[in-house]
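> Compact mmCIF, C-alpha atoms, saved as protein.txt, coming up:
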```txt
# COMPACT_ATOMS: atom_id res chain seq x y z
CA MET J 1 -19.39 135.41 32.17
CA THR J 2 -20.88 133.75 35.21
CA ILE J 3 -23.87 131.64 34.44
CA GLU J 4 -26.32 131.65 37.32
CA HIS J 5 -29.31 129.80 36.01
CA HIS J 6 -29.07 126.19 34.87
CA PRO J 7 -31.39 123.41 33.78
CA PRO J 8 -32.38 121.02 36.56
CA ASP J 9 -30.14 117.96 36.93
CA SER J 10 -33.03 115.72 35.91
CA MET J 11 -33.21 117.50 32.56
CA LEU J 12 -29.44 117.23 32.05
CA ALA J 13 -29.69 113.54 32.85
CA ALA J 14 -32.58 113.10 30.43
CA TYR J 15 -30.56 114.90 27.76
CA ALA J 16 -27.63 112.58 28.31
CA GLY J 17 -29.86 109.52 28.42
CA GLY J 18 -31.61 110.43 25.19
CA SER J 19 -35.11 110.87 26.49
CA LEU J 20 -35.72 114.52 25.57
CA ASP J 21 -37.62 115.35 22.41
CA PRO J 22 -35.66 117.08 19.62
CA GLY J 23 -36.78 120.60 20.62
CA GLN J 24 -35.88 120.16 24.28
CA HIS J 25 -32.61 118.54 23.22
CA VAL J 26 -31.70 121.66 21.21
CA ALA J 27 -32.45 123.96 24.14
CA ILE J 28 -30.29 121.97 26.56
CA ALA J 29 -27.50 121.66 24.01
CA THR J 30 -27.55 125.45 23.59
CA HIS J 31 -27.04 125.92 27.33
CA LEU J 32 -24.29 123.31 27.30
CA ALA J 33 -22.50 125.20 24.53
CA ALA J 34 -22.00 128.00 27.08
CA CYS J 35 -21.77 126.16 30.39
CA ALA J 36 -18.70 124.04 31.17
CA SER J 37 -20.04 122.88 34.53
CA CYS J 38 -23.26 121.46 33.10
CA ARG J 39 -21.25 119.99 30.22
CA ARG J 40 -19.16 118.06 32.72
CA PHE J 41 -22.27 116.73 34.42
CA ALA J 42 -23.91 115.80 31.12
CA ARG J 43 -20.73 114.07 30.00
CA SER J 44 -20.65 112.16 33.26
CA MET J 45 -24.21 111.05 32.70
CA GLU J 46 -23.17 109.90 29.23
CA GLN J 47 -20.58 107.74 30.95
CA VAL J 48 -23.40 106.37 33.09
CA GLY J 49 -25.05 105.59 29.75
CA GLY J 50 -21.89 103.74 28.76
CA ALA J 51 -22.10 101.72 31.98
CA VAL J 52 -25.77 100.97 31.27
CA LEU J 53 -24.85 99.87 27.75
CA THR J 54 -22.02 97.65 29.02
CA ALA J 55 -24.18 95.89 31.59
CA ILE J 56 -27.43 95.62 29.66
CA GLU J 57 -28.70 92.17 28.76
CA PRO J 58 -27.80 91.97 25.05
CA SER J 59 -30.47 91.31 22.46
CA ALA J 60 -29.15 89.04 19.72
CA MET J 61 -28.74 90.54 16.27
CA ALA J 62 -29.84 88.66 13.15
CA SER J 63 -27.44 85.91 12.13
CA ASP J 64 -26.37 87.77 9.00
CA ALA J 65 -26.05 91.17 10.70
CA LEU J 66 -22.26 91.25 10.62
CA SER J 67 -21.99 90.18 7.01
CA ARG J 68 -24.60 92.75 6.01
CA ILE J 69 -22.74 95.57 7.66
CA GLN J 70 -19.43 94.36 6.23
CA GLY J 71 -21.15 94.57 2.85
CA ARG J 72 -22.10 98.18 3.51
CA LEU J 73 -18.53 98.95 4.51
CA ASP J 74 -17.40 97.40 1.22
CA GLU J 75 -19.66 99.80 -0.63
CA MET J 76 -18.18 102.84 1.05
CA THR J 77 -15.65 104.17 -1.40
CA ALA J 78 -13.62 106.14 1.09
CA GLY J 79 -12.19 105.23 4.50
CA PRO J 80 -13.64 105.99 7.94
CA ALA J 81 -14.64 109.58 8.69
CA SER J 82 -13.83 110.92 5.26
CA ASP J 83 -17.37 110.71 3.97
CA LEU J 84 -19.08 112.59 6.76
CA LEU J 85 -21.19 115.24 5.13
CA VAL J 86 -21.71 118.41 7.04
CA ALA J 87 -23.87 121.19 5.64
CA ALA J 88 -22.67 124.76 5.69
CA PRO J 89 -24.15 126.78 8.54
CA ALA J 90 -27.31 128.72 7.71
CA VAL J 91 -26.45 131.24 10.41
CA PRO J 92 -22.82 132.31 10.84
CA GLU J 93 -21.37 132.68 14.35
CA GLY J 94 -21.11 136.45 14.06
CA GLU J 95 -24.78 136.84 13.30
CA ILE J 96 -26.16 135.00 16.33
CA PRO J 97 -23.63 134.20 19.05
CA GLY J 98 -23.84 131.13 21.26
CA LEU J 99 -25.70 128.72 18.99
CA PRO J 100 -24.20 125.23 18.91
CA GLY J 101 -22.69 124.32 15.54
CA PHE J 102 -25.35 121.77 14.73
CA VAL J 103 -28.18 124.24 15.31
CA ARG J 104 -26.56 126.66 12.87
CA ARG J 105 -26.95 124.03 10.17
CA PHE J 106 -30.71 123.74 10.58
CA ARG J 107 -33.02 125.69 8.33
CA PHE J 108 -34.05 129.09 9.74
CA GLY J 109 -37.17 131.06 8.84
CA PRO J 110 -36.98 134.84 8.41
CA TRP J 111 -37.24 137.30 11.30
CA GLN J 112 -40.94 138.02 11.84
CA TRP J 113 -42.55 140.85 13.76
CA VAL J 114 -44.62 139.57 16.68
CA ALA J 115 -45.21 142.58 18.91
CA PRO J 116 -43.68 146.08 19.34
CA SER J 117 -39.86 145.58 19.54
CA VAL J 118 -40.26 141.81 19.41
CA HIS J 119 -39.29 139.54 16.53
CA VAL J 120 -39.07 135.77 16.23
CA ARG J 121 -37.23 133.51 13.85
CA ARG J 122 -38.42 129.96 13.49
CA ILE J 123 -35.83 127.16 13.57
CA VAL J 124 -36.90 124.20 11.48
CA LEU J 125 -35.95 121.00 13.25
CA PRO J 126 -35.03 118.13 10.94
CA HIS J 127 -37.14 115.77 13.02
CA GLU J 128 -40.74 115.87 14.17
CA SER J 129 -40.98 117.32 17.64
CA PRO J 130 -43.83 118.30 19.95
CA THR J 131 -41.55 121.09 21.13
CA ARG J 132 -40.92 123.90 18.66
CA VAL J 133 -37.85 126.06 18.66
CA PHE J 134 -37.36 129.69 17.67
CA LEU J 135 -35.10 132.67 18.24
CA LEU J 136 -36.66 135.57 20.12
CA ARG J 137 -35.21 139.06 19.72
CA SER J 138 -36.45 141.87 21.93
CA GLY J 139 -35.36 145.51 21.71
CA PRO J 140 -33.61 147.30 24.61
CA GLY J 141 -35.88 148.05 27.53
CA THR J 142 -38.77 146.01 26.14
CA GLU J 143 -41.21 145.01 28.79
CA MET J 144 -42.73 141.79 27.62
CA LEU J 145 -46.46 141.50 27.84
CA PRO J 146 -47.52 139.61 30.93
CA HIS J 147 -48.15 136.07 29.89
CA ALA J 148 -48.55 132.53 31.06
CA HIS J 149 -48.07 129.19 29.36
CA THR J 150 -50.33 126.28 28.73
CA GLY J 151 -47.26 124.08 28.40
CA PHE J 152 -43.64 124.82 29.12
CA GLU J 153 -41.00 127.14 27.78
CA LEU J 154 -37.24 126.62 27.86
CA THR J 155 -35.27 129.81 27.35
CA CYS J 156 -31.55 130.11 26.72
CA VAL J 157 -30.07 133.60 26.55
CA LEU J 158 -27.68 134.13 23.63
CA ALA J 159 -27.08 137.88 23.79
CA GLY J 160 -28.16 140.79 25.97
CA ALA J 161 -30.12 140.17 29.17
CA PHE J 162 -33.53 140.36 30.79
CA ARG J 163 -34.85 140.56 34.32
CA GLN J 164 -37.73 138.58 35.73
CA GLY J 165 -38.65 139.31 39.31
CA ASP J 166 -35.42 139.29 41.31
CA ASN J 167 -33.50 137.33 38.73
CA ARG J 168 -31.35 138.50 35.86
CA TYR J 169 -30.74 136.25 32.87
CA ALA J 170 -27.62 136.91 30.80
CA PRO J 171 -25.83 134.97 28.02
CA GLY J 172 -25.67 131.26 28.87
CA ASP J 173 -28.43 131.43 31.48
CA PHE J 174 -31.25 128.93 31.17
CA ASP J 175 -34.83 129.40 32.31
CA LEU J 176 -37.46 126.71 32.67
CA GLY J 177 -40.93 128.19 32.69
CA ASP J 178 -44.07 126.20 33.15
CA GLU J 179 -47.76 126.78 33.50
CA HIS J 180 -47.35 127.87 37.10
CA VAL J 181 -45.16 130.87 36.41
CA ASP J 182 -46.55 134.24 35.44
CA HIS J 183 -43.87 135.90 33.35
CA ARG J 184 -43.22 139.57 32.91
CA PRO J 185 -39.64 139.79 31.73
CA ILE J 186 -37.97 143.17 31.14
CA VAL J 187 -35.07 143.49 28.72
CA ASP J 188 -31.94 145.39 29.81
CA VAL J 189 -31.56 148.80 28.19
CA GLU J 190 -28.05 148.36 26.79
CA ARG J 191 -28.87 146.24 23.77
CA ASP J 192 -31.21 143.77 22.08
CA CYS J 193 -31.81 140.53 23.91
CA ILE J 194 -31.66 137.39 21.77
CA CYS J 195 -32.81 134.07 23.18
CA LEU J 196 -33.34 130.58 21.90
CA VAL J 197 -36.75 129.39 23.04
CA ALA J 198 -38.16 125.87 22.98
CA MET J 199 -41.87 125.78 23.65
CA GLN J 200 -44.69 123.32 24.03
CA GLY J 201 -48.24 124.54 24.32
CA GLU J 202 -49.38 128.09 23.78
CA LEU J 203 -48.70 131.52 25.22
CA ARG J 204 -51.62 133.18 26.91
CA LEU J 205 -51.11 136.92 26.83
CA LYS J 206 -52.70 138.83 29.67
CA GLY J 207 -54.06 142.29 30.25
CA ILE J 208 -55.80 144.64 27.82
CA LEU J 209 -52.82 145.04 25.48
CA GLY J 210 -52.26 141.30 25.64
CA ARG J 211 -55.78 140.59 24.52
CA ILE J 212 -55.40 143.03 21.63
CA VAL J 213 -52.16 141.50 20.44
CA GLN J 214 -53.01 137.84 21.10
CA PRO J 215 -54.67 137.16 17.76
CA PHE J 216 -51.54 138.32 15.98
CA VAL J 217 -49.16 136.32 18.06
CA HIS J 218 -48.61 132.78 17.08
CA LEU J 219 -45.26 131.52 18.26
CA MET C 1 -27.73 93.46 35.70
CA SER C 2 -24.69 94.22 37.77
CA LEU C 3 -23.02 97.50 37.03
CA GLY C 4 -20.14 96.91 39.40
CA ARG C 5 -18.58 93.98 37.59
CA GLU C 6 -15.70 94.54 35.21
CA ASP C 7 -16.35 93.84 31.60
CA PRO C 8 -14.54 90.64 30.55
CA ILE C 9 -12.80 92.55 27.79
CA ALA C 10 -11.38 95.70 29.35
CA GLY C 11 -12.19 99.19 28.14
CA SER C 12 -8.68 99.79 26.92
CA ASP C 13 -9.08 97.04 24.33
CA TRP C 14 -12.06 98.82 22.85
CA SER C 15 -9.99 102.03 22.63
CA LYS C 16 -7.39 100.06 20.70
CA ALA C 17 -10.05 98.58 18.46
CA ILE C 18 -11.45 102.02 17.66
CA ALA C 19 -7.94 103.33 17.01
CA ALA C 20 -7.26 100.40 14.65
CA ILE C 21 -10.42 101.19 12.72
CA ALA C 22 -9.42 104.84 12.47
CA ALA C 23 -5.86 104.14 11.44
CA ASN C 24 -6.24 101.14 9.11
CA GLY C 25 -9.91 100.46 8.55
CA ASP C 26 -9.31 97.28 10.56
CA ARG C 27 -12.24 94.97 9.79
CA SER C 28 -11.53 92.38 12.46
CA ALA C 29 -11.35 95.07 15.14
CA PHE C 30 -14.67 96.32 13.82
CA ALA C 31 -16.15 92.82 13.89
CA ALA C 32 -15.15 92.46 17.55
CA LEU C 33 -16.67 95.86 18.37
CA PHE C 34 -19.81 94.91 16.46
CA GLY C 35 -20.14 91.58 18.23
CA HIS C 36 -19.97 93.26 21.61
CA PHE C 37 -21.85 96.51 21.15
CA ALA C 38 -24.49 95.87 18.49
CA PRO C 39 -26.58 93.48 20.63
CA ARG C 40 -26.34 95.91 23.54
CA ILE C 41 -27.37 98.88 21.45
CA LYS C 42 -30.26 96.80 20.13
CA ALA C 43 -31.31 96.07 23.72
CA TYR C 44 -31.11 99.79 24.56
CA MET C 45 -33.28 100.69 21.59
CA LEU C 46 -35.84 98.04 22.52
CA ARG C 47 -36.03 99.51 26.01
CA ALA C 48 -36.47 102.94 24.46
CA GLY C 49 -39.56 101.67 22.67
CA ALA C 50 -38.25 100.68 19.23
CA SER C 51 -39.80 97.74 17.40
CA PRO C 52 -37.50 94.71 17.07
CA SER C 53 -36.78 95.47 13.40
CA SER C 54 -36.13 99.16 14.12
CA ALA C 55 -33.88 98.25 17.02
CA GLU C 56 -31.90 95.92 14.77
CA GLU C 57 -31.57 98.60 12.11
CA LEU C 58 -30.62 101.29 14.62
CA ALA C 59 -27.90 99.06 16.07
CA GLN C 60 -26.53 98.61 12.55
CA GLU C 61 -26.66 102.36 11.93
CA ALA C 62 -24.90 103.04 15.21
CA LEU C 63 -22.02 100.71 14.42
CA LEU C 64 -21.77 102.20 10.95
CA MET C 65 -21.47 105.59 12.58
CA VAL C 66 -18.79 104.22 14.93
CA TRP C 67 -16.84 103.13 11.83
CA ARG C 68 -17.23 106.49 10.14
CA LYS C 69 -16.37 108.55 13.21
CA ALA C 70 -13.62 106.35 14.63
CA ALA C 71 -11.00 109.00 14.00
CA LEU C 72 -12.98 111.46 16.12
CA PHE C 73 -12.91 109.29 19.25
CA ASP C 74 -10.79 110.95 21.92
CA PRO C 75 -9.83 108.61 24.79
CA ALA C 76 -8.80 111.61 26.89
CA SER C 77 -12.33 112.93 27.07
CA THR C 78 -14.54 109.86 27.05
CA SER C 79 -14.60 106.09 27.26
CA PRO C 80 -15.43 103.70 24.41
CA ALA C 81 -18.71 102.62 25.99
CA GLY C 82 -19.66 106.22 26.80
CA TRP C 83 -18.80 107.40 23.29
CA ILE C 84 -20.65 104.57 21.63
CA PHE C 85 -23.61 105.14 23.95
CA THR C 86 -23.70 108.79 22.84
CA ILE C 87 -23.75 107.74 19.19
CA ALA C 88 -26.62 105.35 19.90
CA ARG C 89 -28.41 108.01 21.93
CA ASN C 90 -28.22 110.53 19.13
CA LEU C 91 -29.61 108.04 16.66
CA ARG C 92 -32.44 107.32 19.04
CA ILE C 93 -33.47 110.98 19.21
CA ASP C 94 -32.97 111.23 15.49
CA ALA C 95 -34.76 108.09 14.43
CA LEU C 96 -37.51 107.25 16.83
CA ARG C 97 -39.41 110.41 15.98
CA ARG C 98 -37.98 110.77 12.56
CA GLU C 99 -39.20 112.08 9.31
CA ARG C 100 -36.82 110.63 6.81
CA ARG C 101 -34.79 113.17 4.95
CA ALA C 102 -32.38 112.54 2.13
CA GLY C 103 -28.77 113.58 2.18
CA ILE C 104 -28.14 115.72 5.19
CA GLY C 105 -29.88 113.23 7.45
CA GLU C 106 -26.69 111.22 7.55
CA SER C 107 -24.77 113.98 9.24
CA CYS C 108 -27.33 114.51 11.98
CA ASP C 109 -25.41 112.47 14.49
CA ALA C 110 -22.47 114.84 14.42
CA GLU C 111 -24.89 117.63 15.14
CA PHE C 112 -26.03 116.41 18.52
CA GLU C 113 -22.65 116.00 20.10
CA ILE C 114 -21.50 118.40 22.74
CA ASP C 115 -19.25 120.65 20.73
CA ASP C 116 -16.25 120.59 23.01
CA SER C 117 -12.52 120.44 22.74
CA PRO C 118 -10.85 118.10 25.25
CA PRO C 119 -10.14 119.75 28.59
CA PRO C 120 -6.44 120.39 29.18
CA ASP C 121 -6.67 119.81 32.89
CA ALA C 122 -5.83 116.23 33.85
CA GLN C 123 -8.07 116.43 36.89
CA VAL C 124 -11.01 117.37 34.74
CA ALA C 125 -10.17 114.62 32.27
CA ALA C 126 -10.31 112.11 35.11
CA VAL C 127 -14.02 112.82 35.44
CA PHE C 128 -14.62 111.04 32.19
CA SER C 129 -12.79 107.90 33.12
CA GLU C 130 -14.98 104.86 33.11
CA ALA C 131 -13.38 103.71 36.35
CA ARG C 132 -14.44 106.85 38.12
CA VAL C 133 -17.99 106.55 36.85
CA ARG C 134 -18.17 102.92 37.94
CA ALA C 135 -16.89 103.93 41.36
CA ALA C 136 -19.51 106.65 41.55
CA LEU C 137 -22.24 104.24 40.53
CA THR C 138 -21.38 101.94 43.41
CA GLY C 139 -22.40 104.86 45.58
CA LEU C 140 -25.95 104.39 44.33
CA SER C 141 -28.11 101.61 45.66
CA PRO C 142 -29.42 99.14 43.05
CA GLU C 143 -32.90 100.59 43.60
CA GLN C 144 -31.65 104.09 42.91
CA MET C 145 -29.80 102.98 39.79
CA ARG C 146 -32.93 101.25 38.53
CA VAL C 147 -35.07 104.38 38.75
CA VAL C 148 -32.30 106.43 37.07
CA GLU C 149 -32.25 103.99 34.15
CA LEU C 150 -36.01 103.81 33.83
CA SER C 151 -36.45 107.56 34.00
CA PHE C 152 -33.54 109.05 32.09
CA PHE C 153 -32.62 106.27 29.72
CA GLU C 154 -35.93 104.61 29.04
CA ASP C 155 -37.99 107.77 29.39
CA ARG C 156 -40.72 106.19 31.46
CA PRO C 157 -43.08 108.48 33.34
CA HIS C 158 -42.91 108.23 37.12
CA ALA C 159 -46.31 106.58 37.41
CA GLU C 160 -45.19 103.84 35.05
CA ILE C 161 -41.96 103.32 36.99
CA ALA C 162 -44.01 102.99 40.18
CA ASN C 163 -46.09 100.34 38.46
CA VAL C 164 -43.13 98.43 37.02
CA LEU C 165 -41.28 98.34 40.33
CA GLY C 166 -44.37 97.89 42.49
CA ILE C 167 -43.59 100.88 44.69
CA PRO C 168 -45.52 104.05 45.56
CA LEU C 169 -45.18 107.08 43.28
CA GLY C 170 -43.72 109.12 46.13
CA THR C 171 -40.97 106.54 46.56
CA VAL C 172 -40.04 106.84 42.87
CA LYS C 173 -39.73 110.59 43.18
CA SER C 174 -37.69 110.49 46.35
CA ARG C 175 -35.38 107.77 45.02
CA LEU C 176 -34.73 109.84 41.89
CA ARG C 177 -34.10 112.93 43.93
CA LEU C 178 -31.64 111.11 46.19
CA ALA C 179 -29.97 109.41 43.22
CA MET C 180 -29.49 112.67 41.34
CA GLY C 181 -28.17 114.32 44.47
CA ARG C 182 -25.62 111.55 44.93
CA LEU C 183 -24.60 111.55 41.27
CA ARG C 184 -24.21 115.29 41.29
CA THR C 185 -21.97 115.01 44.34
CA LEU C 186 -19.99 112.06 43.05
CA LEU C 187 -19.63 113.15 39.43
CA GLY C 188 -20.47 116.77 38.94
CA ASP C 189 -18.33 118.80 41.24
CA LEU C 190 -14.74 119.54 40.47
CA SER C 191 -14.34 122.94 42.08
```
Go ahead and render the structure in this file as C-alpha cells.

Amino acid sequence: MTIEHHPPDSMLAAYAGGSLDPGQHVAIATHLAACASCRRFARSMEQVGGAVLTAIEPSAMASDALSRIQGRLDEMTAGPASDLLVAAPAVPEGEIPGLPGFVRRFRFGPWQWVAPSVHVRRIVLPHESPTRVFLLRSGPGTEMLPHAHTGFELTCVLAGAFRQGDNRYAPGDFDLGDEHVDHRPIVDVERDCICLVAMQGELRLKGILGRIVQPFVHL
Amino acid sequence: MSLGREDPIAGSDWSKAIAAIAANGDRSAFAALFGHFAPRIKAYMLRAGASPSSAEELAQEALLMVWRKAALFDPASTSPAGWIFTIARNLRIDALRRERRAGIGESCDAEFEIDDSPPPDAQVAAVFSEARVRAALTGLSPEQMRVVELSFFEDRPHAEIANVLGIPLGTVKSRLRLAMGRLRTLLGDLS
C-alpha cells in the first residue's frame, strides 16, 4: 500500500516532542502504525529530544531522591520488566485493522448509528483530552453530508477508502481538516470505510438533509 | 545550551548501564543513570509547565520506568538519551493532563511507544544513531534550534515564542519552516 497523505512535519515533531494532547497523539500514532517513512522522521525527532535532554540545564532533584527511588526498587518483588502490566486488547486485530496495540487496550463504546450508513464507536481515552477520538464506519458508496468544522478533525483511514475532491484516502492515509475546509467525502463502493477520527470542536452539517439530521448527530 | 558538545560520559556507557540493569538489576548502574538523567528530565518537565513538585515526581516515575523497561531498550534502533526522552515524553502526555486511574495506569507508558520492530537494514538503523542526529543538528542555526525546542518540546504558541525571543511573529514562523525543512532533509529521507 502506498500512503499518499501524511501529517505535516510540524505535527510529527510535536508528537515526538510530547506537545500534542492525548487525542491528537492517538491519531498520529495510528498513522505511524502504518507509515514507515513518518515513523523514521518521528523517531529522528525523538533523537532530537534526546539531544535536548542531554544538553538541558539540569534542575537539581531533592537530596533524598535517590534513596527514595532505591526504596521503591526494594519494594518491587520482581526484577526489571517482569511486572509490567498490560491489559488484554478490547478490540482484536482482526476486528479493526491498523489500530496501534495501545489503542486496542483502551475502552471502546458500542457502535452507534449516526446517519444513514454511518456508525461511530467512541474510544475512551484514559486521560482527559480536549480532543475526542472515535471510529467512524461508513457503508460502501456513502456520500457524507456536506459539513464543516468549528475546530479541527484528524482522520486516519484503517480500512476501505474515500474520495474528497481530487484526493483518494486509503488505509494509512492521514487527513487534517480544519475550519477552512468544506468536506464532502464519498466512500468507495467496494466495501465499508473505517477511520479513526480525532476531533475538537463540532461538526456543522450543511444543506437541507444536514439540518434535519444535525440534532441527532453528536460526535 | 550547546547541543554540539559531546557529553562527558559517552552514550555507549549509558547503553552499558541500561544493559546492566536489565541483566542483573545493577543498582549502581541505575544510580549513575539516575544522577545524570533525573535532573534533566525534571528540567524538561518544568519547561513543559509542570510544578516543581510534579516535575520532581515525574522525573522519579520516568527513572522507575527506565528500570522496569531496561530489557526492552534496543541500542540498534535508538540511543539511550532518545529512549529515555521518549519515556519522559510519554509520562508528560500521560500525567500533565491526567485523571488518576488505578491499576492499568502504570502500563500507559508502554502504550504510547511506536510499535515497531527494529529495522533490519543497517542504513536505516544509522538514522537513529545519536551521532547522526548531532551532526544533523549542527546544520541548524542556534536560532532555529531554539524555536524548534520552544514549539515542539515546550509547546509554546508562536506568539509566545515571539515574545520570549523578542522577534516578530513572522520570523518565528519562517524560522520554524526553515528548521523543519532542514531537519526533514537531514534526518527524514533515506530513499
> Hey, what's within 8 Å of region 160-162 of chain J if we count all atoms listed in the file and toss same-chain stuff fewer than 5 positions away? As a count of residues only, please?
13
> Just the number, please: distance in Å from CA of Glu143 (chain J) to CA of His6 (chain J), one decimal.
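Distance reported for this atom pair: 23.2 Å.
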> Measuring between all atoms listed in the file, which one of C:Phe152, C:Phe73, C:Trp14, C:Phe30 shows the shortest distance to chain J?
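Of all the options, C:Phe152 lies closest to chain J.
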> Which is closer to Leu187 (chain C) than all the others in J:Ser37, J:Ser63, J:Thr155, J:Ser44, using all atoms listed in the file?
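Among the listed residues, the smallest separation from Leu187 (chain C) belongs to J:Ser44.
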> Which one of C:Leu176, C:Ala162, C:Leu169, C:Ile41 sits closest to Arg92 (chain C) if you count all atoms listed in the file?
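Closest to Arg92 (chain C) of all the choices is C:Ile41.
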> Which one is closest to chain C: J:Gly177, J:Pro140, J:Gly17, J:Pro8? Count only C-alpha atoms.
J:Gly17
> Separation of CA of Ser151 (chain C) and CA of Asn90 (chain C), in Å?
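Straight-line distance from CA of Ser151 (chain C) to CA of Asn90 (chain C) works out to 17.3 Å.
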> Take CA of Pro142 (chain C) and CA of Ala55 (chain J) and report the distance between them in Å, one decimal.
13.0 Å
> Taking all atoms listed in the file into account, which of J:Gln200, J:Gln24, J:Gln47, J:Thr2 comes nearest chain C?
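Answer, going by the shortest atom-to-atom distance: J:Gln47.
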> Between C:Met65, C:Ala22, C:Ala17, C:Ala43, single out the one closest to Ile69 (chain J), counting all atoms listed in the file.
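Of the candidates, the smallest distance to Ile69 (chain J) is held by C:Met65.
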